[in-house]
Each structure stands twice: as structure tokens, then as C-alpha cells.
Amino acid sequence: MANVSFVNLTPHAIVIRLVDGTDLTIAPSGKVARVDEAPNFVNGEIGGVPVLAKSVFTAVIDLPDPVEGTAFIVSGLVAGAVSRADVFSPATGPKDEAIRNDKGHIVAVKFLKATTLPNTDGVVIC
């Protein structure tokens, strides 16, 4: 995907710090991809606070079908539920070199994370 259009399916802008130091800001598209979950129930309590059972995630909601030349950016939770070459999430993990402000909030990422396994034949996918 040399000429690619990004569609941000998160509720906030995604800022990517490019290799040359400039920022690429991808505005929210107005649609948010989400992961649905099975109905939940109170499984107990701790210190008087009700505790729900562990979530069981089901279908991905509002993720468009693949479109030639388009890369979809989704949350890490959604990314974990799909495996598509056109779907990515911001790389915000502890070893992903995300850029933070003095309060520790992420202000930009350096990478996007793929939702598929690494390409083993050395060909760049995007």
C-alpha cells in the first residue's frame, strides 16, 4: 500500500511521529469500531464493590470490509480480535517508544501495530 488512505476508527485523533520528526495526525472518522461482549453478571464483591465476571468478547462491530488502498486504525482491543492485513492499532505498549508528555499521557506514537502475524518472506505489506 504505497498510496494509502488512513481511516481512524477510534474516538480520538491518532498522531504518528514520522521518521523525519514531523507528525501525521489522523482525525477520527466519526465511526468507532468496537468489540461486543456477551452479557455479564455480578460474580462477587471486593471491599463492598460489586465485581463483574471476566468479559467474554464476541463480534467486532462497525469495522468496514476491506477497501483497496485503505488502512483502518482501531483500538488495541479491536486489533486483538481481528487478523486482517488492512487493520492496525497505535503502538502504545511499554516497548513501543510512544511519546509521552510530562504527565505521562501519550501524545504520539512512532509505529502502528499489525493485526496479522509477521510477514516471513521479507516482503513489505504496507
# chains A, B, ... in the order shown; residues from 1 in each chain; ligands from 1
$ residues_around --residues "Val4 (chain A)" --least-positions-apart "6" --cutoff "9 Å" --atoms "only C-alpha atoms" --output "MDAnalysis selection string"
chainID A and resid 68:71 126
$ select_by_dssp --residues "chain A" --states "alpha helix (DSSP H)" --output "PyMOL selection string"
chain A and resi 76-79
$ closest_residue --among "A:Leu9, A:Ile73, A:Leu24, A:Val82" --to "Ala108 (chain A)" --atoms "only C-alpha atoms"
A:Leu24
$ residues_around --residues "Ile99 (chain A)" --least-positions-apart "6" --cutoff "9 Å" --atoms "only C-alpha atoms" --output "PDB file with N, CA and C atoms, in the first residue's frame"
ATOM      1  N   ARG A  17       4.422  10.095  14.922  1.00  0.00           N
ATOM      2  CA  ARG A  17       5.671  10.831  14.721  1.00  0.00           C
ATOM      3  C   ARG A  17       6.469  10.090  13.653  1.00  0.00           C
ATOM      4  N   THR A  92       1.300   1.404  21.462  1.00  0.00           N
ATOM      5  CA  THR A  92       1.374   2.132  22.728  1.00  0.00           C
ATOM      6  C   THR A  92       1.944   1.297  23.864  1.00  0.00           C
ATOM      7  N   HIS A 105       0.971  11.126  29.593  1.00  0.00           N
ATOM      8  CA  HIS A 105      -0.037  10.840  28.570  1.00  0.00           C
ATOM      9  C   HIS A 105       0.622  10.710  27.201  1.00  0.00           C
ATOM     10  N   ILE A 106       0.162   9.750  26.419  1.00  0.00           N
ATOM     11  CA  ILE A 106       0.704   9.576  25.074  1.00  0.00           C
ATOM     12  C   ILE A 106       0.264  10.727  24.185  1.00  0.00           C
ATOM     13  N   VAL A 107       1.230  11.360  23.521  1.00  0.00           N
ATOM     14  CA  VAL A 107       0.926  12.461  22.598  1.00  0.00           C
ATOM     15  C   VAL A 107       1.172  12.058  21.142  1.00  0.00           C
ATOM     16  N   ALA A 108       1.958  10.999  20.947  1.00  0.00           N
ATOM     17  CA  ALA A 108       2.217  10.498  19.594  1.00  0.00           C
ATOM     18  C   ALA A 108       2.782   9.080  19.706  1.00  0.00           C
ATOM     19  N   VAL A 109       2.625   8.332  18.628  1.00  0.00           N
ATOM     20  CA  VAL A 109       3.249   7.011  18.540  1.00  0.00           C
ATOM     21  C   VAL A 109       4.228   7.027  17.383  1.00  0.00           C
ATOM     22  N   LYS A 110       5.170   6.117  17.410  1.00  0.00           N
ATOM     23  CA  LYS A 110       6.148   6.015  16.324  1.00  0.00           C
ATOM     24  C   LYS A 110       5.778   4.926  15.326  1.00  0.00           C
TER      25      LYS A 110
END
$ atom_distance --atom1 "CA of Ala85 (chain A)" --atom2 "CA of Lys54 (chain A)"
29.0 Å
$ select_by_dssp --residues "chain A" --states "strand (DSSP E)" --output "ChimeraX atom specification"
/A:5-8,14-17,23-26,34-37,42-46,49-52,57-61,70-73,87-90,99-100,106-108,112-114
$ atom_distance --atom1 "CA of Lys95 (chain A)" --atom2 "CA of Val35 (chain A)"
25.0 Å
$ atom_distance --atom1 "CA of Ser75 (chain A)" --atom2 "CA of Val56 (chain A)"
17.2 Å
$ residues_around --residues "Pro66 (chain A)" --least-positions-apart "6" --cutoff "12 Å" --atoms "only C-alpha atoms" --output "compact mmCIF listing (two decimals) with C-alpha atoms, in the first residue's frame"
# COMPACT_ATOMS: atom_id res chain seq x y z
CA VAL A 7 -9.40 5.70 8.31
CA PHE A 72 -8.07 1.09 9.14
CA SER A 83 -6.49 -10.65 11.81
CA ARG A 84 -6.53 -8.55 8.65
CA ALA A 85 -3.71 -7.04 6.62
CA ASP A 86 -5.58 -3.70 6.40
CA VAL A 87 -6.22 -3.22 10.14
$ residues_around --residues "Gly93 (chain A)" --least-positions-apart "5" --cutoff "10 Å" --atoms "only C-alpha atoms" --output "count of residues only"
4
$ closest_residue --among "A:Ala13, A:Val19, A:Ala59, A:Ala38" --to "Val74 (chain A)" --atoms "only C-alpha atoms"
A:Ala13
